[in-house]
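For reference, model.cif is printed below; it contains mmCIF, N, CA and C atoms.
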data_run
loop_
_atom_site.label_atom_id
_atom_site.label_comp_id
_atom_site.auth_asym_id
_atom_site.auth_seq_id
_atom_site.Cartn_x
_atom_site.Cartn_y
_atom_site.Cartn_z
N MET A 1 0.78 0.79 20.14
CA MET A 1 0.89 -0.18 19.07
C MET A 1 1.91 0.36 18.05
N LYS A 2 2.86 -0.48 17.65
CA LYS A 2 3.84 -0.08 16.65
C LYS A 2 3.27 -0.38 15.26
N ILE A 3 3.33 0.64 14.39
CA ILE A 3 2.71 0.55 13.07
C ILE A 3 3.73 0.91 12.01
N ALA A 4 3.74 0.13 10.93
CA ALA A 4 4.58 0.43 9.77
C ALA A 4 3.75 0.34 8.51
N ILE A 5 4.10 1.18 7.54
CA ILE A 5 3.56 1.03 6.19
C ILE A 5 4.75 0.84 5.27
N VAL A 6 4.75 -0.29 4.58
CA VAL A 6 5.76 -0.60 3.58
C VAL A 6 5.16 -0.23 2.24
N TYR A 7 5.87 0.58 1.46
CA TYR A 7 5.30 1.01 0.19
C TYR A 7 6.29 0.89 -0.95
N ALA A 8 5.73 0.78 -2.16
CA ALA A 8 6.49 0.86 -3.40
C ALA A 8 5.71 1.81 -4.29
N SER A 9 6.36 2.89 -4.66
CA SER A 9 5.72 3.93 -5.46
C SER A 9 6.74 4.37 -6.50
N THR A 10 6.62 3.86 -7.72
CA THR A 10 7.72 4.02 -8.67
C THR A 10 7.57 5.11 -9.72
N HIS A 11 6.40 5.41 -10.17
CA HIS A 11 6.28 6.30 -11.33
C HIS A 11 5.94 7.75 -10.99
N HIS A 12 4.83 7.96 -10.33
CA HIS A 12 4.36 9.33 -10.11
C HIS A 12 4.19 9.69 -8.64
N GLY A 13 4.52 8.78 -7.75
CA GLY A 13 4.41 9.06 -6.32
C GLY A 13 2.98 8.98 -5.79
N ASN A 14 2.07 8.40 -6.57
CA ASN A 14 0.67 8.31 -6.14
C ASN A 14 0.53 7.60 -4.80
N THR A 15 1.11 6.42 -4.71
CA THR A 15 0.98 5.60 -3.50
C THR A 15 1.74 6.22 -2.33
N ARG A 16 2.89 6.79 -2.62
CA ARG A 16 3.66 7.46 -1.56
C ARG A 16 2.84 8.59 -0.94
N ARG A 17 2.04 9.29 -1.74
CA ARG A 17 1.20 10.37 -1.21
C ARG A 17 0.20 9.83 -0.18
N LEU A 18 -0.39 8.68 -0.45
CA LEU A 18 -1.33 8.08 0.51
C LEU A 18 -0.60 7.69 1.79
N ALA A 19 0.53 7.00 1.64
CA ALA A 19 1.28 6.53 2.81
C ALA A 19 1.77 7.70 3.66
N THR A 20 2.24 8.76 3.01
CA THR A 20 2.75 9.93 3.73
C THR A 20 1.63 10.62 4.50
N ALA A 21 0.46 10.74 3.88
CA ALA A 21 -0.68 11.38 4.57
C ALA A 21 -1.08 10.57 5.80
N ILE A 22 -1.08 9.26 5.68
CA ILE A 22 -1.42 8.42 6.82
C ILE A 22 -0.36 8.57 7.91
N ALA A 23 0.89 8.58 7.53
CA ALA A 23 1.98 8.71 8.51
C ALA A 23 1.89 10.02 9.28
N ARG A 24 1.48 11.09 8.61
CA ARG A 24 1.33 12.39 9.28
C ARG A 24 0.21 12.35 10.31
N SER A 25 -0.74 11.44 10.15
CA SER A 25 -1.91 11.41 11.04
C SER A 25 -1.66 10.63 12.32
N GLY A 26 -0.52 10.01 12.45
CA GLY A 26 -0.26 9.22 13.65
C GLY A 26 1.17 8.74 13.66
N GLN A 27 1.50 7.95 14.64
CA GLN A 27 2.86 7.45 14.76
C GLN A 27 3.02 6.19 13.91
N VAL A 28 3.44 6.43 12.68
CA VAL A 28 3.59 5.37 11.70
C VAL A 28 4.99 5.46 11.11
N THR A 29 5.67 4.34 11.04
CA THR A 29 6.97 4.27 10.38
C THR A 29 6.74 3.94 8.91
N LEU A 30 7.28 4.76 8.01
CA LEU A 30 7.20 4.49 6.58
C LEU A 30 8.47 3.76 6.15
N ILE A 31 8.28 2.71 5.36
CA ILE A 31 9.41 1.94 4.85
C ILE A 31 9.25 1.83 3.34
N ASP A 32 10.21 2.40 2.61
CA ASP A 32 10.23 2.29 1.16
C ASP A 32 10.84 0.93 0.82
N ALA A 33 10.05 0.04 0.27
CA ALA A 33 10.50 -1.32 -0.01
C ALA A 33 11.65 -1.34 -1.01
N MET A 34 11.75 -0.33 -1.84
CA MET A 34 12.80 -0.32 -2.86
C MET A 34 14.09 0.30 -2.32
N GLN A 35 13.98 1.23 -1.39
CA GLN A 35 15.15 1.87 -0.81
C GLN A 35 15.70 1.10 0.39
N ASN A 36 14.82 0.34 1.05
CA ASN A 36 15.19 -0.36 2.27
C ASN A 36 14.67 -1.81 2.21
N PRO A 37 15.18 -2.62 1.27
CA PRO A 37 14.62 -3.96 1.05
C PRO A 37 14.87 -4.96 2.17
N ASP A 38 15.69 -4.60 3.15
CA ASP A 38 15.98 -5.52 4.24
C ASP A 38 15.44 -5.05 5.58
N ALA A 39 14.48 -4.15 5.56
CA ALA A 39 13.90 -3.64 6.81
C ALA A 39 13.26 -4.78 7.61
N ASP A 40 13.35 -4.67 8.91
CA ASP A 40 12.83 -5.68 9.82
C ASP A 40 11.41 -5.28 10.26
N LEU A 41 10.45 -6.14 10.00
CA LEU A 41 9.07 -5.86 10.39
C LEU A 41 8.69 -6.51 11.72
N SER A 42 9.59 -7.26 12.32
CA SER A 42 9.24 -8.00 13.53
C SER A 42 8.76 -7.12 14.70
N PRO A 43 9.21 -5.86 14.84
CA PRO A 43 8.72 -5.07 15.97
C PRO A 43 7.29 -4.53 15.80
N TYR A 44 6.72 -4.65 14.60
CA TYR A 44 5.45 -3.99 14.30
C TYR A 44 4.27 -4.94 14.49
N GLU A 45 3.23 -4.42 15.12
CA GLU A 45 2.01 -5.20 15.36
C GLU A 45 1.00 -5.02 14.24
N LEU A 46 1.01 -3.83 13.61
CA LEU A 46 0.12 -3.51 12.50
C LEU A 46 0.99 -3.10 11.33
N ILE A 47 0.80 -3.78 10.19
CA ILE A 47 1.64 -3.53 9.02
C ILE A 47 0.75 -3.27 7.82
N GLY A 48 1.00 -2.12 7.17
CA GLY A 48 0.31 -1.80 5.94
C GLY A 48 1.23 -2.04 4.76
N PHE A 49 0.67 -2.48 3.66
CA PHE A 49 1.41 -2.62 2.41
C PHE A 49 0.72 -1.74 1.38
N ALA A 50 1.50 -0.88 0.74
CA ALA A 50 0.95 0.08 -0.21
C ALA A 50 1.72 0.00 -1.52
N SER A 51 0.99 -0.05 -2.62
CA SER A 51 1.64 -0.24 -3.91
C SER A 51 0.86 0.42 -5.03
N GLY A 52 1.59 0.75 -6.07
CA GLY A 52 0.95 1.03 -7.34
C GLY A 52 0.63 -0.31 -7.99
N ILE A 53 -0.05 -0.26 -9.11
CA ILE A 53 -0.43 -1.48 -9.81
C ILE A 53 0.26 -1.52 -11.17
N ALA A 54 0.86 -2.67 -11.46
CA ALA A 54 1.48 -2.90 -12.77
C ALA A 54 0.98 -4.25 -13.29
N PHE A 55 0.40 -4.23 -14.46
CA PHE A 55 -0.12 -5.46 -15.08
C PHE A 55 -1.10 -6.18 -14.15
N GLY A 56 -1.92 -5.39 -13.44
CA GLY A 56 -2.97 -5.96 -12.60
C GLY A 56 -2.52 -6.51 -11.27
N LYS A 57 -1.28 -6.19 -10.87
CA LYS A 57 -0.75 -6.73 -9.60
C LYS A 57 0.02 -5.65 -8.86
N TYR A 58 0.24 -5.91 -7.57
CA TYR A 58 1.12 -5.05 -6.78
C TYR A 58 2.53 -5.13 -7.39
N TYR A 59 3.29 -4.06 -7.23
CA TYR A 59 4.65 -4.05 -7.76
C TYR A 59 5.42 -5.26 -7.25
N PRO A 60 6.21 -5.88 -8.10
CA PRO A 60 6.96 -7.08 -7.68
C PRO A 60 7.93 -6.79 -6.54
N GLN A 61 8.47 -5.60 -6.47
CA GLN A 61 9.39 -5.25 -5.38
C GLN A 61 8.68 -5.29 -4.03
N LEU A 62 7.44 -4.84 -3.99
CA LEU A 62 6.67 -4.87 -2.75
C LEU A 62 6.34 -6.31 -2.37
N MET A 63 5.93 -7.10 -3.36
CA MET A 63 5.59 -8.49 -3.07
C MET A 63 6.81 -9.27 -2.61
N GLU A 64 7.96 -9.03 -3.20
CA GLU A 64 9.18 -9.71 -2.76
C GLU A 64 9.51 -9.33 -1.32
N PHE A 65 9.37 -8.04 -1.00
CA PHE A 65 9.60 -7.58 0.36
C PHE A 65 8.64 -8.31 1.31
N ALA A 66 7.38 -8.36 0.97
CA ALA A 66 6.38 -9.01 1.83
C ALA A 66 6.70 -10.49 2.01
N ARG A 67 7.06 -11.16 0.93
CA ARG A 67 7.40 -12.59 1.03
C ARG A 67 8.60 -12.81 1.95
N ARG A 68 9.56 -11.94 1.91
CA ARG A 68 10.78 -12.10 2.70
C ARG A 68 10.62 -11.67 4.16
N HIS A 69 9.74 -10.68 4.42
CA HIS A 69 9.77 -10.04 5.74
C HIS A 69 8.47 -10.05 6.54
N LEU A 70 7.35 -10.43 5.96
CA LEU A 70 6.10 -10.40 6.74
C LEU A 70 6.12 -11.47 7.82
N PRO A 71 6.12 -11.05 9.09
CA PRO A 71 6.09 -12.03 10.18
C PRO A 71 4.70 -12.68 10.27
N GLU A 72 4.61 -13.78 10.96
CA GLU A 72 3.33 -14.43 11.18
C GLU A 72 2.53 -13.69 12.26
N ASN A 73 1.22 -13.91 12.20
CA ASN A 73 0.30 -13.45 13.25
C ASN A 73 0.32 -11.94 13.48
N ARG A 74 0.25 -11.17 12.43
CA ARG A 74 0.19 -9.71 12.54
C ARG A 74 -1.14 -9.24 11.97
N LYS A 75 -1.49 -8.03 12.31
CA LYS A 75 -2.62 -7.37 11.68
C LYS A 75 -2.07 -6.62 10.47
N VAL A 76 -2.77 -6.73 9.33
CA VAL A 76 -2.28 -6.20 8.07
C VAL A 76 -3.40 -5.43 7.38
N PHE A 77 -3.02 -4.40 6.65
CA PHE A 77 -3.96 -3.73 5.75
C PHE A 77 -3.22 -3.41 4.46
N ALA A 78 -3.97 -3.08 3.42
CA ALA A 78 -3.37 -2.81 2.12
C ALA A 78 -3.97 -1.56 1.51
N LEU A 79 -3.14 -0.89 0.72
CA LEU A 79 -3.54 0.31 -0.03
C LEU A 79 -2.99 0.18 -1.44
N HIS A 80 -3.73 0.64 -2.43
CA HIS A 80 -3.14 0.73 -3.76
C HIS A 80 -3.80 1.82 -4.59
N THR A 81 -3.00 2.32 -5.52
CA THR A 81 -3.48 3.29 -6.50
C THR A 81 -3.33 2.65 -7.87
N ALA A 82 -4.26 2.97 -8.75
CA ALA A 82 -4.24 2.36 -10.08
C ALA A 82 -4.92 3.28 -11.09
N GLY A 83 -4.50 3.16 -12.34
CA GLY A 83 -5.17 3.91 -13.40
C GLY A 83 -6.63 3.53 -13.49
N SER A 84 -6.91 2.27 -13.25
CA SER A 84 -8.28 1.76 -13.27
C SER A 84 -8.48 0.83 -12.07
N PRO A 85 -8.81 1.39 -10.90
CA PRO A 85 -8.95 0.55 -9.69
C PRO A 85 -10.04 -0.51 -9.86
N ARG A 86 -9.69 -1.72 -9.51
CA ARG A 86 -10.64 -2.83 -9.58
C ARG A 86 -10.42 -3.77 -8.40
N ALA A 87 -11.44 -4.51 -8.10
CA ALA A 87 -11.31 -5.54 -7.07
C ALA A 87 -10.34 -6.61 -7.58
N GLY A 88 -9.59 -7.19 -6.70
CA GLY A 88 -8.73 -8.30 -7.08
C GLY A 88 -7.26 -7.97 -7.21
N TYR A 89 -6.90 -6.69 -7.26
CA TYR A 89 -5.49 -6.35 -7.41
C TYR A 89 -4.65 -6.79 -6.20
N ALA A 90 -5.26 -6.89 -5.05
CA ALA A 90 -4.52 -7.28 -3.83
C ALA A 90 -4.53 -8.79 -3.61
N LYS A 91 -5.02 -9.55 -4.56
CA LYS A 91 -5.20 -10.99 -4.39
C LYS A 91 -3.92 -11.71 -3.95
N GLU A 92 -2.81 -11.44 -4.62
CA GLU A 92 -1.55 -12.11 -4.28
C GLU A 92 -1.09 -11.77 -2.86
N LEU A 93 -1.20 -10.49 -2.50
CA LEU A 93 -0.82 -10.08 -1.15
C LEU A 93 -1.73 -10.75 -0.12
N LEU A 94 -3.02 -10.75 -0.37
CA LEU A 94 -3.96 -11.34 0.58
C LEU A 94 -3.73 -12.83 0.76
N SER A 95 -3.31 -13.49 -0.30
CA SER A 95 -2.97 -14.91 -0.20
C SER A 95 -1.78 -15.11 0.74
N LEU A 96 -0.76 -14.28 0.59
CA LEU A 96 0.41 -14.35 1.46
C LEU A 96 0.02 -14.05 2.91
N VAL A 97 -0.83 -13.05 3.10
CA VAL A 97 -1.29 -12.70 4.45
C VAL A 97 -1.95 -13.91 5.10
N GLY A 98 -2.77 -14.62 4.36
CA GLY A 98 -3.41 -15.82 4.89
C GLY A 98 -2.41 -16.91 5.22
N GLU A 99 -1.42 -17.12 4.34
CA GLU A 99 -0.39 -18.13 4.59
C GLU A 99 0.39 -17.85 5.88
N ARG A 100 0.55 -16.58 6.19
CA ARG A 100 1.31 -16.20 7.39
C ARG A 100 0.42 -16.09 8.63
N HIS A 101 -0.83 -16.49 8.50
CA HIS A 101 -1.78 -16.47 9.62
C HIS A 101 -1.97 -15.04 10.16
N CYS A 102 -1.93 -14.09 9.26
CA CYS A 102 -2.17 -12.68 9.62
C CYS A 102 -3.64 -12.37 9.42
N ASP A 103 -4.08 -11.31 10.04
CA ASP A 103 -5.46 -10.86 9.96
C ASP A 103 -5.51 -9.62 9.07
N CYS A 104 -6.13 -9.74 7.88
CA CYS A 104 -6.26 -8.58 7.00
C CYS A 104 -7.46 -7.74 7.44
N LEU A 105 -7.18 -6.48 7.77
CA LEU A 105 -8.22 -5.59 8.27
C LEU A 105 -8.90 -4.77 7.19
N GLY A 106 -8.41 -4.85 5.96
CA GLY A 106 -9.07 -4.15 4.87
C GLY A 106 -8.11 -3.71 3.78
N VAL A 107 -8.71 -3.32 2.65
CA VAL A 107 -7.96 -2.85 1.48
C VAL A 107 -8.58 -1.53 1.03
N TYR A 108 -7.74 -0.52 0.82
CA TYR A 108 -8.19 0.76 0.30
C TYR A 108 -7.58 0.94 -1.09
N GLN A 109 -8.42 1.36 -2.03
CA GLN A 109 -7.93 1.62 -3.38
C GLN A 109 -8.49 2.93 -3.90
N CYS A 110 -7.72 3.58 -4.75
CA CYS A 110 -8.22 4.78 -5.42
C CYS A 110 -7.47 4.96 -6.74
N LYS A 111 -7.95 5.88 -7.54
CA LYS A 111 -7.31 6.18 -8.81
C LYS A 111 -5.96 6.83 -8.57
N GLY A 112 -5.07 6.61 -9.54
CA GLY A 112 -3.76 7.26 -9.53
C GLY A 112 -3.42 7.71 -10.94
N PHE A 113 -2.67 8.79 -11.04
CA PHE A 113 -2.19 9.28 -12.33
C PHE A 113 -1.42 8.16 -13.01
N ASP A 114 -1.73 7.91 -14.29
CA ASP A 114 -1.17 6.76 -14.99
C ASP A 114 -0.72 7.17 -16.39
N THR A 115 0.54 6.88 -16.70
CA THR A 115 1.07 7.17 -18.03
C THR A 115 1.63 5.91 -18.69
N PHE A 116 1.14 4.74 -18.29
CA PHE A 116 1.65 3.50 -18.85
C PHE A 116 1.17 3.30 -20.28
N GLY A 117 2.03 2.77 -21.12
CA GLY A 117 1.67 2.36 -22.48
C GLY A 117 1.02 3.46 -23.29
N PRO A 118 -0.15 3.16 -23.87
CA PRO A 118 -0.80 4.14 -24.74
C PRO A 118 -1.26 5.40 -24.01
N PHE A 119 -1.41 5.32 -22.69
CA PHE A 119 -1.83 6.50 -21.93
C PHE A 119 -0.78 7.60 -21.99
N LYS A 120 0.48 7.22 -22.19
CA LYS A 120 1.56 8.20 -22.25
C LYS A 120 1.37 9.14 -23.44
N VAL A 121 0.96 8.58 -24.58
CA VAL A 121 0.72 9.38 -25.78
C VAL A 121 -0.38 10.41 -25.54
N LEU A 122 -1.33 10.04 -24.72
CA LEU A 122 -2.45 10.93 -24.41
C LEU A 122 -2.14 11.90 -23.28
N GLY A 123 -0.95 11.81 -22.72
CA GLY A 123 -0.60 12.66 -21.57
C GLY A 123 -1.01 12.06 -20.25
N GLY A 124 -1.46 10.83 -20.27
CA GLY A 124 -1.84 10.13 -19.05
C GLY A 124 -3.32 10.23 -18.75
N ILE A 125 -3.75 9.41 -17.81
CA ILE A 125 -5.13 9.45 -17.34
C ILE A 125 -5.11 9.73 -15.84
N ASN A 126 -6.22 10.19 -15.34
CA ASN A 126 -6.38 10.48 -13.90
C ASN A 126 -5.35 11.48 -13.41
N LYS A 127 -5.17 12.54 -14.16
CA LYS A 127 -4.11 13.51 -13.87
C LYS A 127 -4.24 14.16 -12.50
N GLN A 128 -5.40 14.27 -11.95
CA GLN A 128 -5.60 14.91 -10.65
C GLN A 128 -5.77 13.90 -9.52
N HIS A 129 -5.25 12.69 -9.73
CA HIS A 129 -5.46 11.64 -8.74
C HIS A 129 -4.12 11.11 -8.23
N PRO A 130 -4.07 10.68 -6.98
CA PRO A 130 -5.17 10.71 -6.04
C PRO A 130 -5.53 12.15 -5.66
N SER A 131 -6.81 12.39 -5.59
CA SER A 131 -7.33 13.71 -5.22
C SER A 131 -7.22 13.90 -3.71
N GLU A 132 -7.42 15.12 -3.26
CA GLU A 132 -7.41 15.38 -1.81
C GLU A 132 -8.48 14.54 -1.12
N GLU A 133 -9.62 14.39 -1.77
CA GLU A 133 -10.70 13.58 -1.19
C GLU A 133 -10.27 12.12 -1.07
N GLU A 134 -9.57 11.60 -2.07
CA GLU A 134 -9.11 10.21 -2.02
C GLU A 134 -8.02 10.03 -0.95
N ILE A 135 -7.16 11.02 -0.82
CA ILE A 135 -6.13 10.97 0.23
C ILE A 135 -6.79 11.00 1.60
N GLU A 136 -7.76 11.89 1.78
CA GLU A 136 -8.50 11.93 3.04
C GLU A 136 -9.23 10.61 3.29
N GLY A 137 -9.71 9.97 2.22
CA GLY A 137 -10.35 8.67 2.35
C GLY A 137 -9.39 7.61 2.86
N ALA A 138 -8.14 7.66 2.39
CA ALA A 138 -7.13 6.72 2.88
C ALA A 138 -6.84 6.94 4.35
N VAL A 139 -6.77 8.19 4.76
CA VAL A 139 -6.53 8.51 6.18
C VAL A 139 -7.71 8.04 7.02
N ALA A 140 -8.93 8.26 6.55
CA ALA A 140 -10.12 7.81 7.28
C ALA A 140 -10.14 6.27 7.37
N PHE A 141 -9.78 5.62 6.29
CA PHE A 141 -9.67 4.15 6.28
C PHE A 141 -8.69 3.69 7.37
N PHE A 142 -7.54 4.34 7.45
CA PHE A 142 -6.52 4.01 8.45
C PHE A 142 -7.07 4.21 9.87
N HIS A 143 -7.73 5.35 10.10
CA HIS A 143 -8.28 5.61 11.43
C HIS A 143 -9.34 4.57 11.82
N HIS A 144 -10.11 4.12 10.86
CA HIS A 144 -11.09 3.06 11.12
C HIS A 144 -10.37 1.77 11.54
N ILE A 145 -9.28 1.46 10.88
CA ILE A 145 -8.51 0.26 11.22
C ILE A 145 -7.95 0.37 12.64
N ILE A 146 -7.43 1.54 12.98
CA ILE A 146 -6.88 1.75 14.32
C ILE A 146 -7.97 1.50 15.36
N LYS A 147 -9.16 2.00 15.12
CA LYS A 147 -10.27 1.78 16.07
C LYS A 147 -10.58 0.29 16.20
N GLU A 148 -10.51 -0.44 15.07
CA GLU A 148 -10.77 -1.88 15.10
C GLU A 148 -9.72 -2.62 15.94
N CYS A 149 -8.52 -2.09 16.00
CA CYS A 149 -7.42 -2.74 16.73
C CYS A 149 -7.49 -2.47 18.23
N GLN A 150 -8.27 -1.51 18.66
CA GLN A 150 -8.30 -1.14 20.09
C GLN A 150 -9.33 -1.95 20.84
#

Final structure tokens representation of the file:
Amino acid sequence: MKIAIVYASTHHGNTRRLATAIARSGQVTLIDAMQNPDADLSPYELIGFASGIAFGKYYPQLMEFARRHLPENRKVFALHTAGSPRAGYAKELLSLVGERHCDCLGVYQCKGFDTFGPFKVLGGINKQHPSEEEIEGAVAFFHHIIKECQ
């Protein structure tokens, strides 16, 4: 099965750390949505989207990439890091996944180091995140998805 993870990780590399750990665990192609905005997803059967959160949503660069390149009828999963992880951050992506008749296999979220707005004055929040345990959790989440696909 051909697998890709498309990610946008702009500030502290939180999300890139999750995507990189998953890629090391198997044959996964990593695609930086900001460095490679015209990448072709058509060869991939399983596609992950990974993003930091800005203003309660996935980064606009990632969403634009998904709108332009997500093929129909694929298996999809999502990952995100946030200063304050909450349900609902993947709502826009999940809506697009449904429109494209894709099957969402799950969403993984964890804390990420955050220095946005007033947090910058305080030196940021979640300085040790994602933790090794959270990174391992993302890898375990991915392995669970792979088992579901077999």

- Query: Hey, what's within 5 Å of stretch 100-106 of chain A if we count all atoms listed in the file and toss same-chain stuff fewer than 6 positions away? As a PyMOL selection string, please?
  - Reply: chain A and resi 72-78

- Have a look at atom CA of A:Leu70 and atom N of A:Ile3 and let me know their distance in Å, one decimal. 13.7 Å

Residues within 7 Å of stretch 86-90 of chain A, please, as a compact mmCIF listing (two decimals) with N, CA and C atoms, in the frame of the given file. Count only N, CA and C atoms; anything in the same chain fewer than 4 positions from it doesn't count.
# COMPACT_ATOMS: atom_id res chain seq x y z
N GLY A 56 -1.92 -5.39 -13.44
CA GLY A 56 -2.97 -5.96 -12.60
C GLY A 56 -2.52 -6.51 -11.27
N LYS A 57 -1.28 -6.19 -10.87
CA LYS A 57 -0.75 -6.73 -9.60
C LYS A 57 0.02 -5.65 -8.86
N TYR A 58 0.24 -5.91 -7.57
CA TYR A 58 1.12 -5.05 -6.78
C TYR A 58 2.53 -5.13 -7.39
N ALA A 82 -4.26 2.97 -8.75
CA ALA A 82 -4.24 2.36 -10.08
C ALA A 82 -4.92 3.28 -11.09
N LEU A 94 -3.02 -10.75 -0.37
CA LEU A 94 -3.96 -11.34 0.58
C LEU A 94 -3.73 -12.83 0.76
N SER A 95 -3.31 -13.49 -0.30
CA SER A 95 -2.97 -14.91 -0.20
C SER A 95 -1.78 -15.11 0.74

- Of the candidates A:Tyr44, A:Ile146, A:Ile22, A:Leu62, which one gets nearest to A:Ala8 if we count all atoms listed in the file? A:Leu62

- Message: One decimal, in Å: what's the spacing between atom N of A:Ala4 and atom N of A:Pro37?
- Response: 15.2 Å

- Message: Residues near A:Ile135, anyone? I mean within 7 Å using only C-alpha atoms, not counting same-chain ones fewer than 5 positions away, as a ChimeraX atom specification.
- Response: /A:18,21,130

- Task: Run DSSP on the backbone of this structure and report the residues of chain A it assigns to alpha helix (DSSP H), as a ChimeraX atom specification.
- Result: /A:14-24,60-69,91-99,118-121,132-149

- Using atom CA of A:Cys149 and atom CA of A:Tyr59 as the two end points, give the distance in Å to one decimal. 27.3 Å

Write out as a short mmCIF file (atom, residue, chain, number, x, y, z; two decimals) with N, CA and C atoms, in the frame of the given file the residues lying within 10 Å of A:Pro43, counting only C-alpha atoms and excluding same-chain residues fewer than 3 positions away.
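And here's out.cif as it stands now:
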data_model
loop_
_atom_site.label_atom_id
_atom_site.label_comp_id
_atom_site.auth_asym_id
_atom_site.auth_seq_id
_atom_site.Cartn_x
_atom_site.Cartn_y
_atom_site.Cartn_z
N MET A 1 0.78 0.79 20.14
CA MET A 1 0.89 -0.18 19.07
C MET A 1 1.91 0.36 18.05
N LYS A 2 2.86 -0.48 17.65
CA LYS A 2 3.84 -0.08 16.65
C LYS A 2 3.27 -0.38 15.26
N ILE A 3 3.33 0.64 14.39
CA ILE A 3 2.71 0.55 13.07
C ILE A 3 3.73 0.91 12.01
N ALA A 4 3.74 0.13 10.93
CA ALA A 4 4.58 0.43 9.77
C ALA A 4 3.75 0.34 8.51
N ASP A 40 13.35 -4.67 8.91
CA ASP A 40 12.83 -5.68 9.82
C ASP A 40 11.41 -5.28 10.26
N LEU A 46 1.01 -3.83 13.61
CA LEU A 46 0.12 -3.51 12.50
C LEU A 46 0.99 -3.10 11.33
N PRO A 71 6.12 -11.05 9.09
CA PRO A 71 6.09 -12.03 10.18
C PRO A 71 4.70 -12.68 10.27
#

Which of stretch 31-141 of chain A fall in strand (DSSP E), as a compact mmCIF listing (two decimals) with N, CA and C atoms, in the frame of the given file:
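The file below, states.txt, is the result:
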# COMPACT_ATOMS: atom_id res chain seq x y z
N ILE A 31 8.28 2.71 5.36
CA ILE A 31 9.41 1.94 4.85
C ILE A 31 9.25 1.83 3.34
N ASP A 32 10.21 2.40 2.61
CA ASP A 32 10.23 2.29 1.16
C ASP A 32 10.84 0.93 0.82
N LEU A 46 1.01 -3.83 13.61
CA LEU A 46 0.12 -3.51 12.50
C LEU A 46 0.99 -3.10 11.33
N ILE A 47 0.80 -3.78 10.19
CA ILE A 47 1.64 -3.53 9.02
C ILE A 47 0.75 -3.27 7.82
N GLY A 48 1.00 -2.12 7.17
CA GLY A 48 0.31 -1.80 5.94
C GLY A 48 1.23 -2.04 4.76
N PHE A 49 0.67 -2.48 3.66
CA PHE A 49 1.41 -2.62 2.41
C PHE A 49 0.72 -1.74 1.38
N ALA A 50 1.50 -0.88 0.74
CA ALA A 50 0.95 0.08 -0.21
C ALA A 50 1.72 0.00 -1.52
N SER A 51 0.99 -0.05 -2.62
CA SER A 51 1.64 -0.24 -3.91
C SER A 51 0.86 0.42 -5.03
N GLY A 52 1.59 0.75 -6.07
CA GLY A 52 0.95 1.03 -7.34
C GLY A 52 0.63 -0.31 -7.99
N ILE A 53 -0.05 -0.26 -9.11
CA ILE A 53 -0.43 -1.48 -9.81
C ILE A 53 0.26 -1.52 -11.17
N ALA A 54 0.86 -2.67 -11.46
CA ALA A 54 1.48 -2.90 -12.77
C ALA A 54 0.98 -4.25 -13.29
N LYS A 57 -1.28 -6.19 -10.87
CA LYS A 57 -0.75 -6.73 -9.60
C LYS A 57 0.02 -5.65 -8.86
N TYR A 58 0.24 -5.91 -7.57
CA TYR A 58 1.12 -5.05 -6.78
C TYR A 58 2.53 -5.13 -7.39
N LYS A 75 -1.49 -8.03 12.31
CA LYS A 75 -2.62 -7.37 11.68
C LYS A 75 -2.07 -6.62 10.47
N VAL A 76 -2.77 -6.73 9.33
CA VAL A 76 -2.28 -6.20 8.07
C VAL A 76 -3.40 -5.43 7.38
N PHE A 77 -3.02 -4.40 6.65
CA PHE A 77 -3.96 -3.73 5.75
C PHE A 77 -3.22 -3.41 4.46
N ALA A 78 -3.97 -3.08 3.42
CA ALA A 78 -3.37 -2.81 2.12
C ALA A 78 -3.97 -1.56 1.51
N LEU A 79 -3.14 -0.89 0.72
CA LEU A 79 -3.54 0.31 -0.03
C LEU A 79 -2.99 0.18 -1.44
N HIS A 80 -3.73 0.64 -2.43
CA HIS A 80 -3.14 0.73 -3.76
C HIS A 80 -3.80 1.82 -4.59
N THR A 81 -3.00 2.32 -5.52
CA THR A 81 -3.48 3.29 -6.50
C THR A 81 -3.33 2.65 -7.87
N ALA A 82 -4.26 2.97 -8.75
CA ALA A 82 -4.24 2.36 -10.08
C ALA A 82 -4.92 3.28 -11.09
N ASP A 103 -4.08 -11.31 10.04
CA ASP A 103 -5.46 -10.86 9.96
C ASP A 103 -5.51 -9.62 9.07
N CYS A 104 -6.13 -9.74 7.88
CA CYS A 104 -6.26 -8.58 7.00
C CYS A 104 -7.46 -7.74 7.44
N LEU A 105 -7.18 -6.48 7.77
CA LEU A 105 -8.22 -5.59 8.27
C LEU A 105 -8.90 -4.77 7.19
N GLY A 106 -8.41 -4.85 5.96
CA GLY A 106 -9.07 -4.15 4.87
C GLY A 106 -8.11 -3.71 3.78
N VAL A 107 -8.71 -3.32 2.65
CA VAL A 107 -7.96 -2.85 1.48
C VAL A 107 -8.58 -1.53 1.03
N TYR A 108 -7.74 -0.52 0.82
CA TYR A 108 -8.19 0.76 0.30
C TYR A 108 -7.58 0.94 -1.09
N GLN A 109 -8.42 1.36 -2.03
CA GLN A 109 -7.93 1.62 -3.38
C GLN A 109 -8.49 2.93 -3.90
N CYS A 110 -7.72 3.58 -4.75
CA CYS A 110 -8.22 4.78 -5.42
C CYS A 110 -7.47 4.96 -6.74
N LYS A 111 -7.95 5.88 -7.54
CA LYS A 111 -7.31 6.18 -8.81
C LYS A 111 -5.96 6.83 -8.57

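Using only C-alpha atoms, the smallest distance between any of A:Ala50, A:Val6, A:Ala23, A:Val107 and A:Gln35 comes from A:Val6.
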
- Among listed residues A:Leu79, A:His69, A:Lys147, A:Glu92, nearest A:Gly48 (using only C-alpha atoms): A:Leu79

- Fewer than 6 positions away in the same chain doesn't count, so skip those; otherwise give me all residues within 9 Å of A:Met34, counting only C-alpha atoms, as a list in words. Tyr7, Ala8, Ser9, Thr10, Gln61, Leu62 and Phe65 of chain A

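The nearest approach to A:Ser25 among the residues A:Val139, A:Ile145, A:Ile53, A:Leu41, with all atoms listed in the file taken into account, belongs to A:Val139.
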